[in-house]
Amino acid sequence: MMIQCLQTMACEYAILAIMIYIGLRCFFQRNNQLIRRFSHFVVGIIIFQIINIPVRMIDAGLAHMSQITVFVLNSAFMIAETFVTYEWFVFFEHVQDSFLIKSKLVRLFGIVPLVLITVLSIASWWTHWLFYADDAGVYHRGTLFALQIVFPYTYVVVTLVSAVAYSITRKEKRSAVIMTIALIPALICSVLQVIAGGSYILAGLTLSAIFVYMELCMEDIRKVEKLAMLEKSKRELEEALDMANKANSAKTVFLNSMSHDIRTPMNAIIGFTDLLGENLGDEKKARDYIGKIKSSSDYLLSLINNVLEMARIESGRSDLDERDISVEKSLDAVYWIFEAQMKEKHIDFIWDVNVKHNNIKCDVVKLKEILMNIINNAYKYSLPGDSVAVRIEEIPCDRDGYARIQTTVKDTGIGMSEEFLEHIFEDFTRAQTSTESGQFGTGLGMAIVKKIVDLMGGTIDVQSKQGVGTTFTVTLEHKIAEIAAENREVVKSTEDYSFRGKRILLVEDNDLNAEIAQTILAGTGMTVDRACDGIQCVDVLKGSEPGYYDMVLMDIQMPNMDGYEATRIIRQFEDKRLSEIPIIAMTANAFAEDRKQAFDAGMNGHIAKPINAEDLKTTLAGIL
C-alpha cells in the first residue's frame, strides 16, 4: 500500500512539473491573446495540483493534520476544481468566439456555480453540507457532497454542448481540432470519476492542457512556416518586380534610342521619294535617290528583323534545324558578303579556316547569323587602316563523335569600355546612340548572338579595350557528319536563263504586293495570272490543263484558305502533272522555322517579303 501511495505521489509531482513548465512557456508567449487566455486555465491546474498533493497525502495516511488544516485544504481543493473547469469553459468559448462570452448577462450567470461552491465550502465548517473534518482531522463527506461533482461538470457539459453546436453551425478547422483533443480526455476522465470516484477530472484536465498546448504550439509553428512562405513569396515577387522594372527600363531606353534610328531611314525614304518625283527627268539624280532609298529600306528591314528575331527567341519558338554541311563551303558565303565592304572601307580583312572534320551536322543559318552579327560589328566599329581577322579552327574535343569548332573574330577598331562590356549581351543595350557613333543599330545584335550560342549549347567570350580593339571567341560542338556534305547550291544564272514563254500563277490577297510581284515577273518575260486566296488557286489549277502553268508563287497568310492548306490539297490531286507543279512560298514569315514549315507542307522554295527582284529571279531560275 505504501509503495502504491508513493507511486501516486510521484505521478502527482510529475504532473505538477509538466504544468509548471507549460505555464512558464505560456508566460513567455503572453503576447498571443489565445495563449494568454489559456494560461489562466494552466495556472488553475497548477494551483489545483499544489492543493491536491497534501490532500492525497492525508487520504493515503502519509500525513496527519489538524481539523482546521484539513478543512482549509479540502475547501481550497473543491474551489480550485470548479475554478479550473470554469477557466476551461471560458477558454473554449474564446476559441469559438461564442456569444456566451460576449454577453455580460450570460457571463454573470456563468460564474454562479463557482460562487456557490465557494460559499458552500466555507459554510460547511458549520453546516457539514459538503464535507467536514472531525476532531482527529479525518475527512468525511456531507449530505450535499454530490454538488462538488455537479458544479464542475456543469461547466464541462455546457462546454461540450457548445462545442457540438459550434461544429454544426460553423466551419473553422483550428477550433474544431483544439476542442476535439481537449474534450475527449476530459470527458473520459469525468466519466471515470462518476463511476469509480477519485480525482480523475484532474488527470483529464491535465491531459487536455498538455494536448491543447501542443496544438497551440503547432499552430504557432504553422504560422511561422506560413510567414516564412509569405516572406519567400514576397521576396520572389519583389525580385520579379525588380526584373520587370529593369526590363521596362531597358525597353524604354531602347524605344527612346530607336525612335531616332527608325525615323532616320524613314525620313530618308520619304524625303528621297519626294525628291525622286521632282527629278524624274534627271537620270543621274534619280538613280542616286533610288540607291539611297534602297539603302535606307535595307537598314529599316534589318531593324525589323532583329526585333522579330529577339522576340522569337525569347518566346521559345526558335529551334535548331541541323543538317549535314561543309564548314569551309558553307561559311565562304559570309566571307564574300563582307570582302567587298571591307575593301571599300580600306580595312584589312583576314579569313582563315583550319578544321580537321570539315563535314558536320549544324544549323547553318544560325551559325551564319552568329558570324555575320559579330563581323558586322567589327566592320562598323573599325576605321580605315584597321584590320578584322576571322579564324575558324578545330580544337580538341573530349566527346566521341563530335568536333569542337572555335571561331575568333579580332579587330583593331575603337573597342569598348569595361563598363559597357559587362552589359554587351543584354537586350536593347548600346554603348552609344547612332548620333554619337554614327552607326545605326538596335542594340539587339549581340543579345541575339548570345541567345543563339546558348541555344546551340556553346560559349561566347569577349575581350575589348578602348582604342585597341575587340576579340570575340565563340566555341561550339557539332556532331561529325558520316557522309561528306556538298553545300554548293547549283543555281542557274538569271543572265543565261530565259523566262519568256513561262506562265506562273501568283496567289496573293494584297493588291499592292501583287502589283509589285506581277511587275517584276512581267519584266522577265513571264505571263502572270493571279488568284486572291488558296481556294481560288486550287480551283484555277483544277480547271487548267496539265502543263499550262509552270509554277505557283504562293502567299501564306490569306483569307478563306492559307497557302499551307492550299499546297497540301494540290499535292493530293490525282493527276501527277498537276500535283507535282513547283510551288514557291512568297511570305512575310521569314524565319528559318517558317522556311522549314513551307517545305514540310510540300513547297519547293521559299522567298521572304519584302521581295528582292534579284533573289526572286534567282530562286525561280534555280527551280525552273
# chains A, B, ... in the order shown; residues from 1 in each chain; ligands from 1
>>> residues_around(residues="A:Val409", least_positions_apart="6", cutoff="6 Å", atoms="only C-alpha atoms", output="list in words")
Ala389, Val390, Thr471 and Phe472 of chain A
>>> residues_around(residues="A:Cys362", least_positions_apart="4", cutoff="10 Å", atoms="only C-alpha atoms", output="list in words")
Leu320, Asp321, Glu322, Arg323, Asp324, Ile325, Ser326, Val327, Lys366, Leu367, Met456, Leu476, Glu477, His478, Lys479, Ile480 and Ala481 of chain A
>>> residues_around(residues="A:Ala80", least_positions_apart="5", cutoff="12 Å", atoms="only C-alpha atoms", output="number ranges by chain")
A: 41-52, 72-75, 85-87, 114-115, 117-118, 121, 148, 151-152, 201-202
>>> select_by_dssp(residues="stretch 334-576 of chain A", states="strand (DSSP E or B)", output="PyMOL selection string")
chain A and resi 348-354+359-362+387-395+402-411+459-465+469-480+503-507+527-531+551-554
>>> closest_residue(among="A:Asp461, A:Glu426, A:Asp288, A:Asp274", to="A:Thr408", atoms="only C-alpha atoms")
A:Asp461
>>> select_by_dssp(residues="stretch 336-471 of chain A", states="helix (DSSP H, G or I)", output="JSON, numbers by chain")
{"A": [336, 337, 338, 339, 340, 341, 342, 343, 344, 364, 365, 366, 367, 368, 369, 370, 371, 372, 373, 374, 375, 376, 377, 378, 379, 380, 418, 419, 420, 421, 434, 435, 436, 437, 445, 446, 447, 448, 449, 450, 451, 452, 453, 454, 455]}
>>> atom_distance(atom1="atom CA of A:Glu339", atom2="atom CA of A:Glu394")
23.2 Å
